[in-house]
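Chemist: I'd like to ask some things about the structure below.
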Amino acid sequence: MSDRVYNFSAGPSMLPLEVLERAGKEITNYQGSGMSVMEMSHRSKVFQKIFDDTKANFIKLFHVPENYKVLFLQGGASSQFSMVPLNLIGKTGKADYAVTGNFSNIAYKEAKKYGEINLAASSADKNHTYIPAQADLKLDPEASYFYYCANNTIYGTEWQYVPETGDVPIVCDMSSDFLSRVVDVSRYGIIFGGAQKNLAPAGLTIAIVREDLAGQELPYTPLMMNYKTMIDKDSMYNTPPCWCIYMLGLVLEWLEAQGGVEGMEKIKHAKAKLLYDVLDESKLFTCAAEVGSRSDMNVTFRSATQEMDAKFVAEATAAGFVNLKGHRNVGGMRASIYNAMPTEGVEKLAEFIRAFDRAN
Ligand SMILES: *Cc1c(COP(=O)(O)O)cnc(C)c1O
């Protein structure tokens with residue numbers, strides 16, 4: 001489809017073309033059922049099979065151990081900012097938070113409603129251009145959990161290590177690098193993410209919960225925000241986001257064909273390197289994130305002036321590279337290159353950056 005642009009949107013973002021085409025083919029009649037997945041009862045056999053296969057494939061591809069439950073929820077990653085403390089903080093009344101960007105800061109402020117929150121680390125001193133080192137984390141051994149955000153979508157930084165927290169379970173927001181790299185799930189208590197960056201359309205939130213952490217919720221935890229409720233009913237206490245789960249299933253089949261998460265890890269790193277190399281060589285542009293903290297998913301960069309940034313964005317848009325304007329907190333540009341962005345799109349953007357650098 002030659003009329004499609006290279007879409008560098010931070011989210012919702014690109015989905016694989018094959019997935020969209022397959023969903024299009026099946027949209028009015030899903031595999032002989034005579035109806036769309038959008039029109040099906042979530043209790044029907046046909047949908048139950050979509051649900052079961054999708055969950056099983058997620059567990060397989062992300063290597064989720066047996067003592068974890070995978071939940072398909074709604075409310076966005078943002079709802080987890082409340083759900084995590086409501087379910088976990090009751091143990092000691094305390095929790096550790098690392099604030100390395102916009103979303104972990106929102107989570108930190110939200111958690112303060114429910115307990116005593118220790119700011120274990122913050123990168124605010126340098127406008128979140130780096131990830132704190134293990135030695136700089138101020139950990140409280142009595143914390144009910146340690147919270148961080150693996151990839152900072154707005155600032156373009158990504159944790160390159162899993163924090164060492166002793167017996168304190170780790171909670172991680174992986175919204176913007178979910179299934180882009182191999183993760184040792186057993187290092188975590190809870191991993192969650194909104195699906196709309198890397199995995200599916202907006203409307204689905206995935207939570208991976210270590211079983212023993214559920215069932216300790218605060219007494220006033222809303223019914224729909226209780227991990228135990230959702231675990232007991234296999235995410236079907238009420239109507240789940242059926243269409244998004246179906247789309248996730250198609251994306252996971254596509255991911256499997258790319259070599260699974262292992263294959264994607266190589267591809268995504270090579271894609272990011274293409275951009276960082278050309279930016280490091282350029283005279284015009286500088287990267288926003290420090291070397292060693294750079295994200296493979298969101299590449300943030302800028303020229304010396306806002307006028308030049310605006311010129312770059314305008315010319316890029318005219319050339320078919322869209323949604324490159326940076327977030328207002330950072331300025332400059334941001335190229336979000338999630339799993340579904342083809343290598344070809346990144347190669348062409350790298351060429352465009354090189355040509356623009358020479359011409360200006
Ligand atoms: C986009 C994003 C969020 C917010 O997700 P919603 O699903 O819109 O609530 C949270 N955390 C990270 C890291 C994100 O990239």
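For the structure tokens, the naming scheme is as follows: chains receive sequential letters (A, B, ...) according to their order of presentation, residues are indexed from 1 within each chain, and ligands are indexed from 1 in presentation order.
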Tell me, counting only C-alpha atoms and all ligand atoms, for each residue of chain A within 8 Å of ligand 1, which pair of atoms is nearest and how far apart they are in Å to one decimal, in rows ordered by chain and increasing number, as a Markdown table.
Modeler:
| residue | atom | partner | partner_atom_place_in_ligand_line | distance |
| --- | --- | --- | --- | --- |
| A:Ala10 | CA | ligand 1 | 15 (O) | 7.7 |
| A:Gly11 | CA | ligand 1 | 1 (C) | 6.4 |
| A:Gly75 | CA | ligand 1 | 9 (O) | 6.7 |
| A:Gly76 | CA | ligand 1 | 7 (O) | 3.3 |
| A:Ala77 | CA | ligand 1 | 9 (O) | 3.8 |
| A:Ser78 | CA | ligand 1 | 9 (O) | 3.6 |
| A:Ser79 | CA | ligand 1 | 9 (O) | 6.4 |
| A:Phe103 | CA | ligand 1 | 11 (N) | 5.0 |
| A:Ser104 | CA | ligand 1 | 11 (N) | 7.3 |
| A:Cys149 | CA | ligand 1 | 13 (C) | 6.0 |
| A:Ala150 | CA | ligand 1 | 13 (C) | 7.2 |
| A:Asn151 | CA | ligand 1 | 13 (C) | 5.9 |
| A:Asn152 | CA | ligand 1 | 13 (C) | 5.5 |
| A:Thr153 | CA | ligand 1 | 15 (O) | 4.8 |
| A:Ile154 | CA | ligand 1 | 15 (O) | 7.4 |
| A:Asp173 | CA | ligand 1 | 13 (C) | 5.8 |
| A:Met174 | CA | ligand 1 | 13 (C) | 6.0 |
| A:Ser175 | CA | ligand 1 | 13 (C) | 4.6 |
| A:Ser176 | CA | ligand 1 | 15 (O) | 4.6 |
| A:Gly193 | CA | ligand 1 | 11 (N) | 6.8 |
| A:Gly194 | CA | ligand 1 | 7 (O) | 4.3 |
| A:Ala195 | CA | ligand 1 | 7 (O) | 7.1 |
| A:Gln196 | CA | ligand 1 | 7 (O) | 7.0 |
| A:Lys197 | CA | ligand 1 | 1 (C) | 7.0 |
| A:Ala202 | CA | ligand 1 | 7 (O) | 7.0 |
| A:Gly203 | CA | ligand 1 | 7 (O) | 7.4 |
| A:Leu204 | CA | ligand 1 | 7 (O) | 7.8 |
| A:Thr205 | CA | ligand 1 | 7 (O) | 6.8 |
Chemist: Keeping only C-alpha atoms, write the selected residues as a PDB file, in the first residue's frame.
Modeler:
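See part_16.pdb below for the written result:
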ATOM      1  CA  ALA A  10       4.663   7.929  20.077  1.00  0.00           C
ATOM      2  CA  GLY A  11       1.317   6.245  20.603  1.00  0.00           C
ATOM      3  CA  GLY A  75      -8.161   1.781  31.868  1.00  0.00           C
ATOM      4  CA  GLY A  76      -4.777   2.288  30.218  1.00  0.00           C
ATOM      5  CA  ALA A  77      -1.361   2.084  31.810  1.00  0.00           C
ATOM      6  CA  SER A  78      -2.421   5.136  33.834  1.00  0.00           C
ATOM      7  CA  SER A  79      -5.003   3.099  35.763  1.00  0.00           C
ATOM      8  CA  PHE A 103       4.824   8.738  33.582  1.00  0.00           C
ATOM      9  CA  SER A 104       6.828   7.549  36.591  1.00  0.00           C
ATOM     10  CA  CYS A 149       9.353   2.842  34.213  1.00  0.00           C
ATOM     11  CA  ALA A 150      11.566   0.834  31.826  1.00  0.00           C
ATOM     12  CA  ASN A 151      11.361   3.184  28.846  1.00  0.00           C
ATOM     13  CA  ASN A 152      10.665   6.895  29.146  1.00  0.00           C
ATOM     14  CA  THR A 153       8.552   7.557  26.075  1.00  0.00           C
ATOM     15  CA  ILE A 154       8.747  11.349  26.192  1.00  0.00           C
ATOM     16  CA  ASP A 173       5.801   0.069  33.544  1.00  0.00           C
ATOM     17  CA  MET A 174       6.859  -1.399  30.175  1.00  0.00           C
ATOM     18  CA  SER A 175       4.221   0.407  28.090  1.00  0.00           C
ATOM     19  CA  SER A 176       6.652   1.693  25.495  1.00  0.00           C
ATOM     20  CA  GLY A 193       1.781  -1.700  29.984  1.00  0.00           C
ATOM     21  CA  GLY A 194      -0.775  -0.064  27.750  1.00  0.00           C
ATOM     22  CA  ALA A 195      -0.899  -1.933  24.436  1.00  0.00           C
ATOM     23  CA  GLN A 196      -1.049   1.025  22.077  1.00  0.00           C
ATOM     24  CA  LYS A 197       2.703   1.574  21.641  1.00  0.00           C
ATOM     25  CA  ALA A 202      -5.563   1.554  22.432  1.00  0.00           C
ATOM     26  CA  GLY A 203      -7.986   0.104  24.961  1.00  0.00           C
ATOM     27  CA  LEU A 204      -6.044  -2.899  26.247  1.00  0.00           C
ATOM     28  CA  THR A 205      -3.764  -2.861  29.294  1.00  0.00           C
TER      29      THR A 205
END
Chemist: Contacts of Lys49 (chain A) at 12 Å or less, counting only C-alpha atoms, minus same-chain residues fewer than 4 places along, as a PyMOL selection string?
Modeler: chain A and resi 37+42-45+53-57+242+245-246+249
Chemist: May I have the residues within 12 Å of Ile59 (chain A) as a count of residues only, using only C-alpha atoms and disregarding those fewer than 5 positions away in the same chain?
Modeler: 20
Chemist: How many Å lie between CA of Lys233 (chain A) and CA of Gly189 (chain A), rounded to one decimal?
Modeler: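 About the pair CA of Lys233 (chain A) and CA of Gly189 (chain A): they are 20.2 Å apart.
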Chemist: Kindly give the distance, in Å, that separates CA of Glu253 (chain A) and CA of Ala335 (chain A), rounded to a single decimal.
Modeler: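 One can read the CA of Glu253 (chain A) to CA of Ala335 (chain A) distance as 25.5 Å.
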Chemist: Extract, using only C-alpha atoms, all DNA, RNA and protein residues at most 12 Å from Asp167 (chain A), discarding same-chain residues fewer than 2 positions from it, and format them as a list in words.
Modeler: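 These residues fall inside the cut-off: Leu139, Asp140, Pro141, Glu142, Ala143, Ser144, Tyr145, Phe146, Pro163, Glu164, Thr165, Pro169, Ile170, Arg187, Tyr188 and Gly189 of chain A.
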Chemist: Kindly indicate which residue among A:Gly345, A:Gly215, A:Gly156, A:Gly32 lies nearest to Phe301 (chain A), using only C-alpha atoms for the distances.
Modeler: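 The shortest atom-to-atom distance to Phe301 (chain A) comes from A:Gly156.
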Chemist: Neighbouring residues of Arg181 (chain A) were defined as those with any atom within 8 Å, considering only C-alpha atoms; residues of the same chain fewer than 5 positions away were excluded. Please report them as number ranges by chain.
Modeler: A: 261-262, 264-265
Chemist: One decimal, Å: what's the distance from CA of Trp243 (chain A) over to CA of Pro201 (chain A), could you say?
Modeler: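 Interatomic distance, CA of Trp243 (chain A) to CA of Pro201 (chain A): 8.7 Å.
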Chemist: Would you list the contacts of Thr305 (chain A) as a ChimeraX atom specification, taking every protein, DNA or RNA residue within 12 Å and counting only C-alpha atoms, but skipping same-chain residues closer than 5 positions in sequence?
Modeler: /A:284-286,310-312,331-333
Chemist: Need the shell around Lys228 (chain A): protein/DNA/RNA residues with any atom at most 7 Å away, counting only C-alpha atoms. Skip same-chain ones fewer than 3 positions apart. Format as JSON, numbers by chain?
Modeler: {"A": [214, 215, 231, 232]}
Chemist: I need the helix (DSSP H, G or I) residues of region 7-165 of chain A per DSSP on the backbone, written as a ChimeraX atom specification.
Modeler: /A:17-25,37-39,45-61,76-91,102-111,124-126,134-136
Chemist: Choose the residue, out of A:Ser336, A:Gln134, A:Asn226, A:Thr129, that has the smallest atom-to-atom separation from Val322 (chain A); count only C-alpha atoms.
Modeler: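 Among the listed residues, the smallest separation from Val322 (chain A) belongs to A:Ser336.
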